Every structure is written in C-alpha cells, then in structure tokens.
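run_18.cif follows; it contains mmCIF, N, CA and C atoms.
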```
data_start
#
loop_
_atom_site.label_atom_id
_atom_site.label_comp_id
_atom_site.auth_asym_id
_atom_site.auth_seq_id
_atom_site.Cartn_x
_atom_site.Cartn_y
_atom_site.Cartn_z
N GLN A 213 -6.96 -16.54 9.25
CA GLN A 213 -5.85 -15.62 9.39
C GLN A 213 -5.53 -14.99 8.03
N LEU A 214 -5.57 -13.69 7.98
CA LEU A 214 -5.29 -12.99 6.74
C LEU A 214 -3.78 -12.97 6.51
N GLN A 215 -3.36 -13.31 5.28
CA GLN A 215 -1.94 -13.32 4.94
C GLN A 215 -1.70 -12.44 3.72
N LEU A 216 -0.55 -11.76 3.74
CA LEU A 216 -0.19 -10.83 2.68
C LEU A 216 1.22 -11.13 2.19
N VAL A 217 1.41 -11.17 0.87
CA VAL A 217 2.72 -11.43 0.31
C VAL A 217 3.01 -10.38 -0.76
N GLU A 218 4.08 -9.61 -0.53
CA GLU A 218 4.47 -8.57 -1.49
C GLU A 218 5.46 -9.12 -2.51
N SER A 219 5.46 -8.52 -3.68
CA SER A 219 6.46 -8.83 -4.71
C SER A 219 6.60 -7.63 -5.62
N GLY A 220 7.67 -7.63 -6.43
CA GLY A 220 7.84 -6.60 -7.43
C GLY A 220 8.89 -5.56 -7.13
N GLY A 221 9.52 -5.64 -5.97
CA GLY A 221 10.55 -4.67 -5.66
C GLY A 221 11.80 -4.92 -6.49
N GLY A 222 12.75 -3.99 -6.38
CA GLY A 222 13.99 -4.14 -7.12
C GLY A 222 14.76 -2.84 -7.20
N LEU A 223 15.75 -2.85 -8.07
CA LEU A 223 16.60 -1.68 -8.29
C LEU A 223 16.16 -1.00 -9.59
N VAL A 224 15.96 0.31 -9.52
CA VAL A 224 15.52 1.07 -10.69
C VAL A 224 16.23 2.41 -10.69
N GLN A 225 16.47 2.94 -11.88
CA GLN A 225 17.10 4.25 -11.98
C GLN A 225 16.09 5.36 -11.71
N PRO A 226 16.57 6.52 -11.26
CA PRO A 226 15.66 7.66 -11.07
C PRO A 226 14.87 7.95 -12.35
N GLY A 227 13.59 8.20 -12.17
CA GLY A 227 12.71 8.42 -13.30
C GLY A 227 12.06 7.15 -13.81
N GLY A 228 12.50 6.01 -13.33
CA GLY A 228 11.95 4.74 -13.77
C GLY A 228 10.68 4.37 -13.06
N SER A 229 10.19 3.16 -13.37
CA SER A 229 8.92 2.68 -12.82
C SER A 229 9.06 1.28 -12.26
N LEU A 230 8.23 0.98 -11.30
CA LEU A 230 8.09 -0.36 -10.74
C LEU A 230 6.63 -0.58 -10.40
N ARG A 231 6.19 -1.84 -10.44
CA ARG A 231 4.86 -2.16 -9.95
C ARG A 231 4.98 -3.20 -8.85
N LEU A 232 4.50 -2.84 -7.68
CA LEU A 232 4.46 -3.76 -6.56
C LEU A 232 3.12 -4.48 -6.54
N SER A 233 3.16 -5.73 -6.11
CA SER A 233 1.94 -6.53 -5.96
C SER A 233 1.82 -7.01 -4.53
N CYS A 234 0.59 -7.09 -4.07
CA CYS A 234 0.30 -7.63 -2.74
C CYS A 234 -0.78 -8.68 -2.90
N ALA A 235 -0.40 -9.94 -2.78
CA ALA A 235 -1.35 -11.04 -2.87
C ALA A 235 -1.88 -11.35 -1.48
N ALA A 236 -3.20 -11.31 -1.34
CA ALA A 236 -3.82 -11.49 -0.04
C ALA A 236 -4.70 -12.73 -0.01
N SER A 237 -4.78 -13.34 1.15
CA SER A 237 -5.68 -14.48 1.33
C SER A 237 -6.23 -14.43 2.74
N GLY A 238 -7.45 -14.96 2.90
CA GLY A 238 -8.04 -15.04 4.22
C GLY A 238 -9.04 -13.96 4.56
N PHE A 239 -9.46 -13.18 3.56
CA PHE A 239 -10.49 -12.17 3.84
C PHE A 239 -11.79 -12.86 4.25
N THR A 240 -12.45 -12.30 5.27
CA THR A 240 -13.74 -12.83 5.72
C THR A 240 -14.89 -11.93 5.31
N SER A 241 -14.58 -10.77 4.77
CA SER A 241 -15.62 -9.86 4.28
C SER A 241 -14.96 -8.86 3.33
N ASN A 242 -15.77 -7.93 2.81
CA ASN A 242 -15.22 -6.88 1.95
C ASN A 242 -14.82 -5.64 2.73
N ASN A 243 -15.11 -5.60 4.03
CA ASN A 243 -14.88 -4.39 4.81
C ASN A 243 -13.43 -4.29 5.31
N TYR A 244 -12.52 -4.35 4.35
CA TYR A 244 -11.11 -4.22 4.69
C TYR A 244 -10.51 -3.05 3.92
N VAL A 245 -9.48 -2.50 4.49
CA VAL A 245 -8.65 -1.54 3.79
C VAL A 245 -7.27 -2.17 3.61
N ILE A 246 -6.69 -1.99 2.43
CA ILE A 246 -5.34 -2.48 2.16
C ILE A 246 -4.46 -1.27 1.89
N GLY A 247 -3.34 -1.25 2.54
CA GLY A 247 -2.45 -0.11 2.41
C GLY A 247 -1.03 -0.50 2.08
N TRP A 248 -0.31 0.45 1.54
CA TRP A 248 1.13 0.31 1.31
C TRP A 248 1.86 1.31 2.22
N PHE A 249 2.83 0.79 2.94
CA PHE A 249 3.66 1.61 3.81
C PHE A 249 5.11 1.41 3.37
N ARG A 250 5.96 2.31 3.79
CA ARG A 250 7.39 2.16 3.49
C ARG A 250 8.21 2.65 4.66
N GLN A 251 9.41 2.08 4.76
CA GLN A 251 10.33 2.49 5.81
C GLN A 251 11.74 2.51 5.26
N ALA A 252 12.33 3.69 5.29
CA ALA A 252 13.72 3.86 4.86
C ALA A 252 14.63 3.73 6.07
N PRO A 253 15.89 3.39 5.85
CA PRO A 253 16.82 3.25 6.98
C PRO A 253 16.88 4.53 7.82
N GLY A 254 16.72 4.36 9.12
CA GLY A 254 16.82 5.49 10.03
C GLY A 254 15.59 6.39 10.07
N LYS A 255 14.53 5.99 9.35
CA LYS A 255 13.33 6.81 9.31
C LYS A 255 12.13 6.02 9.82
N GLU A 256 11.10 6.74 10.22
CA GLU A 256 9.88 6.10 10.68
C GLU A 256 9.09 5.54 9.49
N ARG A 257 8.28 4.55 9.80
CA ARG A 257 7.42 3.99 8.77
C ARG A 257 6.41 5.04 8.31
N GLU A 258 6.17 5.07 7.02
CA GLU A 258 5.32 6.10 6.42
C GLU A 258 4.23 5.44 5.58
N GLY A 259 3.00 5.91 5.75
CA GLY A 259 1.91 5.43 4.90
C GLY A 259 2.02 6.03 3.52
N VAL A 260 1.90 5.21 2.49
CA VAL A 260 2.08 5.66 1.11
C VAL A 260 0.74 5.77 0.39
N SER A 261 -0.04 4.71 0.43
CA SER A 261 -1.31 4.70 -0.29
C SER A 261 -2.21 3.63 0.30
N CYS A 262 -3.52 3.78 0.09
CA CYS A 262 -4.47 2.80 0.60
C CYS A 262 -5.66 2.70 -0.34
N ILE A 263 -6.38 1.57 -0.21
CA ILE A 263 -7.56 1.35 -1.04
C ILE A 263 -8.58 0.54 -0.25
N GLY A 264 -9.83 0.95 -0.34
CA GLY A 264 -10.90 0.22 0.31
C GLY A 264 -11.32 -0.96 -0.55
N ARG A 265 -11.44 -2.13 0.05
CA ARG A 265 -11.73 -3.33 -0.72
C ARG A 265 -13.14 -3.32 -1.28
N SER A 266 -14.07 -2.73 -0.56
CA SER A 266 -15.47 -2.77 -0.98
C SER A 266 -15.83 -1.73 -2.03
N ASP A 267 -15.20 -0.56 -1.97
CA ASP A 267 -15.62 0.52 -2.88
C ASP A 267 -14.49 1.12 -3.69
N GLY A 268 -13.26 0.65 -3.46
CA GLY A 268 -12.14 1.16 -4.24
C GLY A 268 -11.72 2.58 -3.89
N ALA A 269 -12.21 3.11 -2.78
CA ALA A 269 -11.78 4.44 -2.35
C ALA A 269 -10.28 4.42 -2.09
N THR A 270 -9.60 5.46 -2.53
CA THR A 270 -8.13 5.47 -2.43
C THR A 270 -7.64 6.68 -1.66
N GLY A 271 -6.41 6.58 -1.20
CA GLY A 271 -5.75 7.68 -0.53
C GLY A 271 -4.25 7.62 -0.80
N TYR A 272 -3.61 8.78 -0.81
CA TYR A 272 -2.18 8.85 -1.08
C TYR A 272 -1.53 9.86 -0.14
N THR A 273 -0.30 9.59 0.22
CA THR A 273 0.46 10.61 0.92
C THR A 273 0.90 11.65 -0.11
N GLU A 274 1.08 12.87 0.36
CA GLU A 274 1.31 13.99 -0.55
C GLU A 274 2.51 13.78 -1.48
N SER A 275 3.56 13.19 -0.97
CA SER A 275 4.80 13.09 -1.74
C SER A 275 4.72 12.15 -2.94
N VAL A 276 3.67 11.32 -3.02
CA VAL A 276 3.56 10.38 -4.14
C VAL A 276 2.39 10.69 -5.05
N LYS A 277 1.60 11.67 -4.70
CA LYS A 277 0.44 12.01 -5.54
C LYS A 277 0.90 12.40 -6.96
N GLY A 278 0.20 11.83 -7.94
CA GLY A 278 0.56 12.10 -9.33
C GLY A 278 1.63 11.17 -9.87
N ARG A 279 2.29 10.41 -8.99
CA ARG A 279 3.34 9.49 -9.42
C ARG A 279 2.97 8.03 -9.16
N PHE A 280 2.30 7.77 -8.07
CA PHE A 280 1.92 6.41 -7.68
C PHE A 280 0.43 6.22 -7.88
N THR A 281 0.05 5.01 -8.26
CA THR A 281 -1.36 4.66 -8.42
C THR A 281 -1.61 3.31 -7.78
N ILE A 282 -2.59 3.27 -6.88
CA ILE A 282 -2.97 2.01 -6.25
C ILE A 282 -4.21 1.47 -6.94
N SER A 283 -4.27 0.16 -7.10
CA SER A 283 -5.44 -0.46 -7.72
C SER A 283 -5.60 -1.86 -7.15
N GLY A 284 -6.80 -2.41 -7.34
CA GLY A 284 -7.05 -3.73 -6.79
C GLY A 284 -7.78 -4.62 -7.77
N ASP A 285 -7.46 -5.89 -7.74
CA ASP A 285 -8.17 -6.90 -8.53
C ASP A 285 -8.83 -7.85 -7.53
N VAL A 286 -10.12 -7.63 -7.30
CA VAL A 286 -10.82 -8.41 -6.29
C VAL A 286 -10.84 -9.89 -6.64
N THR A 287 -10.93 -10.20 -7.93
CA THR A 287 -11.01 -11.61 -8.34
C THR A 287 -9.72 -12.34 -8.00
N LYS A 288 -8.60 -11.61 -8.02
CA LYS A 288 -7.31 -12.22 -7.71
C LYS A 288 -6.86 -11.92 -6.29
N ASN A 289 -7.67 -11.16 -5.55
CA ASN A 289 -7.29 -10.75 -4.20
C ASN A 289 -5.89 -10.14 -4.18
N THR A 290 -5.64 -9.29 -5.16
CA THR A 290 -4.33 -8.69 -5.29
C THR A 290 -4.46 -7.17 -5.41
N VAL A 291 -3.59 -6.47 -4.72
CA VAL A 291 -3.53 -5.01 -4.79
C VAL A 291 -2.18 -4.64 -5.40
N TYR A 292 -2.23 -3.66 -6.28
CA TYR A 292 -1.02 -3.22 -6.97
C TYR A 292 -0.68 -1.78 -6.60
N LEU A 293 0.59 -1.48 -6.62
CA LEU A 293 1.05 -0.11 -6.47
C LEU A 293 1.97 0.19 -7.66
N GLN A 294 1.44 0.95 -8.62
CA GLN A 294 2.23 1.36 -9.76
C GLN A 294 2.99 2.62 -9.40
N MET A 295 4.31 2.53 -9.49
CA MET A 295 5.15 3.65 -9.08
C MET A 295 5.92 4.17 -10.29
N ASN A 296 5.62 5.40 -10.66
CA ASN A 296 6.28 6.04 -11.81
C ASN A 296 7.11 7.22 -11.33
N SER A 297 7.98 7.69 -12.22
CA SER A 297 8.83 8.85 -11.91
C SER A 297 9.51 8.70 -10.56
N LEU A 298 10.08 7.53 -10.34
CA LEU A 298 10.68 7.23 -9.04
C LEU A 298 11.88 8.13 -8.74
N LYS A 299 12.02 8.45 -7.46
CA LYS A 299 13.09 9.33 -6.99
C LYS A 299 13.94 8.57 -5.98
N PRO A 300 15.18 8.98 -5.78
CA PRO A 300 16.01 8.31 -4.76
C PRO A 300 15.35 8.30 -3.38
N GLU A 301 14.60 9.34 -3.07
CA GLU A 301 13.94 9.38 -1.75
C GLU A 301 12.80 8.38 -1.62
N ASP A 302 12.43 7.71 -2.70
CA ASP A 302 11.44 6.63 -2.62
C ASP A 302 12.06 5.31 -2.17
N THR A 303 13.38 5.28 -2.06
CA THR A 303 14.07 4.07 -1.62
C THR A 303 13.64 3.68 -0.22
N ALA A 304 13.18 2.46 -0.06
CA ALA A 304 12.69 1.98 1.23
C ALA A 304 12.26 0.52 1.09
N VAL A 305 11.99 -0.10 2.22
CA VAL A 305 11.27 -1.37 2.21
C VAL A 305 9.78 -1.04 2.20
N TYR A 306 9.08 -1.60 1.25
CA TYR A 306 7.65 -1.35 1.10
C TYR A 306 6.86 -2.53 1.68
N TYR A 307 5.89 -2.21 2.52
CA TYR A 307 5.07 -3.22 3.17
C TYR A 307 3.62 -3.08 2.75
N CYS A 308 2.99 -4.21 2.54
CA CYS A 308 1.55 -4.26 2.33
C CYS A 308 0.90 -4.57 3.68
N ALA A 309 -0.22 -3.93 3.94
CA ALA A 309 -0.91 -4.14 5.21
C ALA A 309 -2.41 -4.14 4.98
N ALA A 310 -3.13 -4.76 5.89
CA ALA A 310 -4.59 -4.81 5.79
C ALA A 310 -5.21 -4.68 7.17
N GLY A 311 -6.42 -4.13 7.18
CA GLY A 311 -7.11 -4.00 8.45
C GLY A 311 -8.60 -3.84 8.22
N ARG A 312 -9.36 -4.05 9.28
CA ARG A 312 -10.80 -3.83 9.21
C ARG A 312 -11.07 -2.34 9.03
N ARG A 313 -11.95 -2.03 8.11
CA ARG A 313 -12.23 -0.63 7.80
C ARG A 313 -13.34 -0.13 8.72
N SER A 314 -13.19 1.08 9.25
CA SER A 314 -14.20 1.63 10.15
C SER A 314 -15.43 2.07 9.36
N LEU A 315 -16.58 2.12 10.04
CA LEU A 315 -17.83 2.52 9.38
C LEU A 315 -17.75 3.95 8.89
N ILE A 316 -17.02 4.80 9.61
CA ILE A 316 -16.91 6.19 9.20
C ILE A 316 -16.17 6.31 7.88
N THR A 317 -15.09 5.58 7.72
CA THR A 317 -14.33 5.68 6.47
C THR A 317 -15.11 5.06 5.31
N ILE A 318 -15.92 4.05 5.60
CA ILE A 318 -16.76 3.48 4.54
C ILE A 318 -17.80 4.51 4.11
N ALA A 319 -18.45 5.15 5.09
CA ALA A 319 -19.50 6.14 4.77
C ALA A 319 -18.91 7.32 4.01
N ARG A 320 -17.70 7.71 4.35
CA ARG A 320 -17.07 8.87 3.73
C ARG A 320 -16.26 8.51 2.50
N ARG A 321 -16.25 7.24 2.15
CA ARG A 321 -15.49 6.75 0.99
C ARG A 321 -14.05 7.25 1.05
N MET A 322 -13.40 6.91 2.13
CA MET A 322 -12.03 7.29 2.30
C MET A 322 -11.27 6.16 2.98
N CYS A 323 -9.96 6.24 2.98
CA CYS A 323 -9.17 5.29 3.74
C CYS A 323 -8.05 6.07 4.42
N LEU A 324 -7.53 5.49 5.50
CA LEU A 324 -6.55 6.18 6.32
C LEU A 324 -5.18 5.54 6.18
N LEU A 325 -4.17 6.34 6.36
CA LEU A 325 -2.80 5.86 6.27
C LEU A 325 -2.12 5.82 7.64
N ARG A 326 -2.90 5.57 8.68
CA ARG A 326 -2.34 5.39 10.02
C ARG A 326 -2.05 3.92 10.23
N ALA A 327 -0.83 3.63 10.64
CA ALA A 327 -0.44 2.23 10.83
C ALA A 327 -1.31 1.53 11.86
N SER A 328 -1.84 2.28 12.81
CA SER A 328 -2.68 1.68 13.85
C SER A 328 -4.00 1.13 13.30
N GLU A 329 -4.36 1.53 12.07
CA GLU A 329 -5.59 1.04 11.46
C GLU A 329 -5.41 -0.35 10.85
N TYR A 330 -4.18 -0.84 10.81
CA TYR A 330 -3.87 -2.07 10.09
C TYR A 330 -3.38 -3.13 11.07
N ASP A 331 -3.95 -4.33 10.94
CA ASP A 331 -3.62 -5.43 11.86
C ASP A 331 -2.74 -6.50 11.24
N TYR A 332 -2.69 -6.54 9.92
CA TYR A 332 -1.97 -7.60 9.23
C TYR A 332 -0.92 -6.98 8.32
N TRP A 333 0.26 -7.56 8.34
CA TRP A 333 1.38 -7.00 7.60
C TRP A 333 2.12 -8.08 6.82
N GLY A 334 2.61 -7.69 5.63
CA GLY A 334 3.47 -8.59 4.88
C GLY A 334 4.91 -8.46 5.33
N GLN A 335 5.79 -9.20 4.68
CA GLN A 335 7.20 -9.22 5.04
C GLN A 335 7.99 -8.07 4.45
N GLY A 336 7.46 -7.44 3.42
CA GLY A 336 8.12 -6.30 2.82
C GLY A 336 8.92 -6.66 1.58
N THR A 337 9.09 -5.67 0.72
CA THR A 337 9.90 -5.83 -0.49
C THR A 337 10.74 -4.57 -0.67
N GLN A 338 12.01 -4.77 -0.99
CA GLN A 338 12.94 -3.64 -1.08
C GLN A 338 12.79 -2.93 -2.43
N VAL A 339 12.70 -1.62 -2.37
CA VAL A 339 12.73 -0.78 -3.57
C VAL A 339 13.92 0.16 -3.44
N THR A 340 14.81 0.11 -4.41
CA THR A 340 15.99 0.96 -4.41
C THR A 340 16.02 1.77 -5.69
N VAL A 341 16.05 3.09 -5.52
CA VAL A 341 16.09 3.99 -6.67
C VAL A 341 17.47 4.65 -6.68
N SER A 342 18.27 4.27 -7.65
CA SER A 342 19.65 4.75 -7.69
C SER A 342 20.20 4.63 -9.09
N SER A 343 21.09 5.56 -9.43
CA SER A 343 21.77 5.48 -10.73
C SER A 343 23.10 4.74 -10.57
#
```
Just dump the structure as structure tokens.
Amino acid sequence: QLQLVESGGGLVQPGGSLRLSCAASGFTSNNYVIGWFRQAPGKEREGVSCIGRSDGATGYTESVKGRFTISGDVTKNTVYLQMNSLKPEDTAVYYCAAGRRSLITIARRMCLLRASEYDYWGQGTQVTVSS
C-alpha cells in the first residue's frame, strides 16, 4: 500500500516562500506520477504540479508557472514543491497524490493534473498566505 505524508505548510506573508515535502513509501515500480493538488474553502480541488518518478517530467497549472517548482529525490522517496512569490490566492490545503502513470504520458514525457489519474492521497497540509 502506497502511503504519502505531506509537511511544510504554514503561514507566510504575500511574496514569501514555502517548501512542501511529500514523503512516500510503498512504491512497487518507477511508473508512478506524483502530484500536488490544492483545495481552498468553497472551491473545487485544483491540480498544481506533477512529476514523473521515472523520468522527472513535470507539469504545472498556469497560475503557478514561474513561481512554483516541483522536484524529486528518488533516494529519499520524497517530492518537494518549492513555492515562491506566494499570493493570498495560493491559500489552500495542499495534498500530495500518486498514481500509476499511463504509457502514453511516459512516451510523451508528460504528466497530467487530473485527479482521476491519482489513486493515493495524503492527509494534506495547510498553506495560508496573509499579511
């Protein structure tokens, strides 16, 4: 059973930075995608960023491009989300998720931010951007 544990959330002022970590265990192969999603109060869950475990292919939602960076440390089975230039609209509970990666996304060196692609979810960590 694959398990995911997020950490690193907190309160930060606008323009500040945070780094989220997702510690994973239970991988049975490298053909997984790990993603970060977020959900703000009263809003639908939104895919933020993803990374392919085997090739490091990444993807970002438009609103975080240039501000957020996803990376992975395979030796530690940990994925990071570095968040810079944070805005109040980034306030949400952030979830780490993982799922089996499709052959098409592997061949195209891409990853998807559809929640339906992910089978395993962490408990979430709160990120609050406020002055």
Inset, instruction - Would you please work out which residue, of A:Leu293, A:Ala309, A:Val341, A:Ala327, is nearest to Glu258 (chain A) when using all atoms listed in the file? - result: A:Ala327
Inset, instruction - Taking the chain letters and numbering used in this document, name the residues of region 216-299 of chain A that DSSP puts in strand (DSSP E), as a ChimeraX atom specification. - result: /A:216-219,222-224,230-237,244-251,258-264,270-272,280-285,290-295
With N, CA and C atoms retained, export the selected residues as a compact mmCIF listing (two decimals), in the coordinates of the input.
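And here's again_33.txt as it stands now:
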```txt
# COMPACT_ATOMS: atom_id res chain seq x y z
N LEU A 216 -0.55 -11.76 3.74
CA LEU A 216 -0.19 -10.83 2.68
C LEU A 216 1.22 -11.13 2.19
N VAL A 217 1.41 -11.17 0.87
CA VAL A 217 2.72 -11.43 0.31
C VAL A 217 3.01 -10.38 -0.76
N GLU A 218 4.08 -9.61 -0.53
CA GLU A 218 4.47 -8.57 -1.49
C GLU A 218 5.46 -9.12 -2.51
N SER A 219 5.46 -8.52 -3.68
CA SER A 219 6.46 -8.83 -4.71
C SER A 219 6.60 -7.63 -5.62
N GLY A 222 12.75 -3.99 -6.38
CA GLY A 222 13.99 -4.14 -7.12
C GLY A 222 14.76 -2.84 -7.20
N LEU A 223 15.75 -2.85 -8.07
CA LEU A 223 16.60 -1.68 -8.29
C LEU A 223 16.16 -1.00 -9.59
N VAL A 224 15.96 0.31 -9.52
CA VAL A 224 15.52 1.07 -10.69
C VAL A 224 16.23 2.41 -10.69
N LEU A 230 8.23 0.98 -11.30
CA LEU A 230 8.09 -0.36 -10.74
C LEU A 230 6.63 -0.58 -10.40
N ARG A 231 6.19 -1.84 -10.44
CA ARG A 231 4.86 -2.16 -9.95
C ARG A 231 4.98 -3.20 -8.85
N LEU A 232 4.50 -2.84 -7.68
CA LEU A 232 4.46 -3.76 -6.56
C LEU A 232 3.12 -4.48 -6.54
N SER A 233 3.16 -5.73 -6.11
CA SER A 233 1.94 -6.53 -5.96
C SER A 233 1.82 -7.01 -4.53
N CYS A 234 0.59 -7.09 -4.07
CA CYS A 234 0.30 -7.63 -2.74
C CYS A 234 -0.78 -8.68 -2.90
N ALA A 235 -0.40 -9.94 -2.78
CA ALA A 235 -1.35 -11.04 -2.87
C ALA A 235 -1.88 -11.35 -1.48
N ALA A 236 -3.20 -11.31 -1.34
CA ALA A 236 -3.82 -11.49 -0.04
C ALA A 236 -4.70 -12.73 -0.01
N SER A 237 -4.78 -13.34 1.15
CA SER A 237 -5.68 -14.48 1.33
C SER A 237 -6.23 -14.43 2.74
N TYR A 244 -12.52 -4.35 4.35
CA TYR A 244 -11.11 -4.22 4.69
C TYR A 244 -10.51 -3.05 3.92
N VAL A 245 -9.48 -2.50 4.49
CA VAL A 245 -8.65 -1.54 3.79
C VAL A 245 -7.27 -2.17 3.61
N ILE A 246 -6.69 -1.99 2.43
CA ILE A 246 -5.34 -2.48 2.16
C ILE A 246 -4.46 -1.27 1.89
N GLY A 247 -3.34 -1.25 2.54
CA GLY A 247 -2.45 -0.11 2.41
C GLY A 247 -1.03 -0.50 2.08
N TRP A 248 -0.31 0.45 1.54
CA TRP A 248 1.13 0.31 1.31
C TRP A 248 1.86 1.31 2.22
N PHE A 249 2.83 0.79 2.94
CA PHE A 249 3.66 1.61 3.81
C PHE A 249 5.11 1.41 3.37
N ARG A 250 5.96 2.31 3.79
CA ARG A 250 7.39 2.16 3.49
C ARG A 250 8.21 2.65 4.66
N GLN A 251 9.41 2.08 4.76
CA GLN A 251 10.33 2.49 5.81
C GLN A 251 11.74 2.51 5.26
N GLU A 258 6.17 5.07 7.02
CA GLU A 258 5.32 6.10 6.42
C GLU A 258 4.23 5.44 5.58
N GLY A 259 3.00 5.91 5.75
CA GLY A 259 1.91 5.43 4.90
C GLY A 259 2.02 6.03 3.52
N VAL A 260 1.90 5.21 2.49
CA VAL A 260 2.08 5.66 1.11
C VAL A 260 0.74 5.77 0.39
N SER A 261 -0.04 4.71 0.43
CA SER A 261 -1.31 4.70 -0.29
C SER A 261 -2.21 3.63 0.30
N CYS A 262 -3.52 3.78 0.09
CA CYS A 262 -4.47 2.80 0.60
C CYS A 262 -5.66 2.70 -0.34
N ILE A 263 -6.38 1.57 -0.21
CA ILE A 263 -7.56 1.35 -1.04
C ILE A 263 -8.58 0.54 -0.25
N GLY A 264 -9.83 0.95 -0.34
CA GLY A 264 -10.90 0.22 0.31
C GLY A 264 -11.32 -0.96 -0.55
N THR A 270 -9.60 5.46 -2.53
CA THR A 270 -8.13 5.47 -2.43
C THR A 270 -7.64 6.68 -1.66
N GLY A 271 -6.41 6.58 -1.20
CA GLY A 271 -5.75 7.68 -0.53
C GLY A 271 -4.25 7.62 -0.80
N TYR A 272 -3.61 8.78 -0.81
CA TYR A 272 -2.18 8.85 -1.08
C TYR A 272 -1.53 9.86 -0.14
N PHE A 280 2.30 7.77 -8.07
CA PHE A 280 1.92 6.41 -7.68
C PHE A 280 0.43 6.22 -7.88
N THR A 281 0.05 5.01 -8.26
CA THR A 281 -1.36 4.66 -8.42
C THR A 281 -1.61 3.31 -7.78
N ILE A 282 -2.59 3.27 -6.88
CA ILE A 282 -2.97 2.01 -6.25
C ILE A 282 -4.21 1.47 -6.94
N SER A 283 -4.27 0.16 -7.10
CA SER A 283 -5.44 -0.46 -7.72
C SER A 283 -5.60 -1.86 -7.15
N GLY A 284 -6.80 -2.41 -7.34
CA GLY A 284 -7.05 -3.73 -6.79
C GLY A 284 -7.78 -4.62 -7.77
N ASP A 285 -7.46 -5.89 -7.74
CA ASP A 285 -8.17 -6.90 -8.53
C ASP A 285 -8.83 -7.85 -7.53
N THR A 290 -5.64 -9.29 -5.16
CA THR A 290 -4.33 -8.69 -5.29
C THR A 290 -4.46 -7.17 -5.41
N VAL A 291 -3.59 -6.47 -4.72
CA VAL A 291 -3.53 -5.01 -4.79
C VAL A 291 -2.18 -4.64 -5.40
N TYR A 292 -2.23 -3.66 -6.28
CA TYR A 292 -1.02 -3.22 -6.97
C TYR A 292 -0.68 -1.78 -6.60
N LEU A 293 0.59 -1.48 -6.62
CA LEU A 293 1.05 -0.11 -6.47
C LEU A 293 1.97 0.19 -7.66
N GLN A 294 1.44 0.95 -8.62
CA GLN A 294 2.23 1.36 -9.76
C GLN A 294 2.99 2.62 -9.40
N MET A 295 4.31 2.53 -9.49
CA MET A 295 5.15 3.65 -9.08
C MET A 295 5.92 4.17 -10.29
```
Inset, instruction - Go through A:Ser343, A:Tyr306, A:Ser328, A:Cys262 one by one, measure the shortest atom-to-atom distance of each to Gly220 (chain A) using only C-alpha atoms, and give the residue with the smallest value. - result: A:Tyr306
All residues 9 Å or closer to Val276 (chain A), only C-alpha atoms, same chain fewer than 4 positions away omitted, as an mmCIF file with N, CA and C atoms, keeping the file's coordinate frame:
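File around.cif, as written:
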```
data_model
loop_
_atom_site.group_PDB
_atom_site.id
_atom_site.type_symbol
_atom_site.label_atom_id
_atom_site.label_comp_id
_atom_site.auth_asym_id
_atom_site.auth_seq_id
_atom_site.Cartn_x
_atom_site.Cartn_y
_atom_site.Cartn_z
ATOM 1 N N VAL A 260 1.900 5.210 2.490
ATOM 2 C CA VAL A 260 2.080 5.660 1.110
ATOM 3 C C VAL A 260 0.740 5.770 0.390
ATOM 4 N N SER A 261 -0.040 4.710 0.430
ATOM 5 C CA SER A 261 -1.310 4.700 -0.290
ATOM 6 C C SER A 261 -2.210 3.630 0.300
ATOM 7 N N TYR A 272 -3.610 8.780 -0.810
ATOM 8 C CA TYR A 272 -2.180 8.850 -1.080
ATOM 9 C C TYR A 272 -1.530 9.860 -0.140
ATOM 10 N N PHE A 280 2.300 7.770 -8.070
ATOM 11 C CA PHE A 280 1.920 6.410 -7.680
ATOM 12 C C PHE A 280 0.430 6.220 -7.880
ATOM 13 N N THR A 281 0.050 5.010 -8.260
ATOM 14 C CA THR A 281 -1.360 4.660 -8.420
ATOM 15 C C THR A 281 -1.610 3.310 -7.780
ATOM 16 N N MET A 295 4.310 2.530 -9.490
ATOM 17 C CA MET A 295 5.150 3.650 -9.080
ATOM 18 C C MET A 295 5.920 4.170 -10.290
ATOM 19 N N ASP A 302 12.430 7.710 -2.700
ATOM 20 C CA ASP A 302 11.440 6.630 -2.620
ATOM 21 C C ASP A 302 12.060 5.310 -2.170
#
```
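Distance-wise, CA of Arg265 (chain A) and CA of Ala310 (chain A) end up 9.8 Å apart.
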Inset, instruction - Name the residues of chain A that come out as alpha helix (DSSP H) in a backbone DSSP run; write them as a ChimeraX atom specification. - result: /A:315-319
Need the axis-aligned box for region 253-257 of chain A with 3 Å each side, so what are the centre and edges in Å to one decimal, as JSON?
```
{"center_x": 11.6, "center_y": 5.0, "center_z": 8.3, "size_x": 16.5, "size_y": 9.6, "size_z": 10.8}
```
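Taking atom C of Glu218 (chain A) as the reference point, CA of Arg257 (chain A) is found at 17.4 Å.
Picture a line from CA of Pro300 (chain A) to atom N of Ile282 (chain A); it runs 19.4 Å.
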Legend entry - Residue neighbourhood Glu274 (chain A), 8 Å, all atoms listed in the file, exclusion window fewer than 3 positions, as number ranges by chain: A: 259-260, 271, 277-278
Can you write just those residues out, N, CA and C atoms, as a tab-separated table (two decimals), in the frame of the given file?
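Wrote out_13.tsv, looks like this:
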```tsv
chain	number	residue	atom	x	y	z
A	259	GLY	N	3.00	5.91	5.75
A	259	GLY	CA	1.91	5.43	4.90
A	259	GLY	C	2.02	6.03	3.52
A	260	VAL	N	1.90	5.21	2.49
A	260	VAL	CA	2.08	5.66	1.11
A	260	VAL	C	0.74	5.77	0.39
A	271	GLY	N	-6.41	6.58	-1.20
A	271	GLY	CA	-5.75	7.68	-0.53
A	271	GLY	C	-4.25	7.62	-0.80
A	277	LYS	N	1.60	11.67	-4.70
A	277	LYS	CA	0.44	12.01	-5.54
A	277	LYS	C	0.90	12.40	-6.96
A	278	GLY	N	0.20	11.83	-7.94
A	278	GLY	CA	0.56	12.10	-9.33
A	278	GLY	C	1.63	11.17	-9.87
```
Inset, instruction - For Gln213 (chain A), please output as a list in words all residues within 6 Å (counting only N, CA and C atoms; exclusion window: fewer than 2 positions along the same chain). - result: Gln215, Ser237 and Gly238 of chain A
Legend entry - Proximity to Ser229 (chain A) - best of A:Thr317, A:Ser275, A:Asn243, A:Ser297, all atoms listed in the file: A:Ser297
Inset, instruction - Just the residues within 8 Å of Ser233 (chain A), please, counting only N, CA and C atoms, with nothing from its chain fewer than 5 positions along; format it as a PyMOL selection string. - result: chain A and resi 216-221+290-294+308
Inset, instruction - Do a neighbour search on Ser342 (chain A) at 6.5 Å with only N, CA and C atoms, toss out local chain neighbours closer than 4 positions, and write the hits as a PyMOL selection string. - result: chain A and resi 223-226+299-300
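Considering the residues A:Arg279, A:Val305, A:Phe249, A:Asn242 and counting only C-alpha atoms, Ser266 (chain A) has its shortest atom-to-atom contact with A:Asn242.
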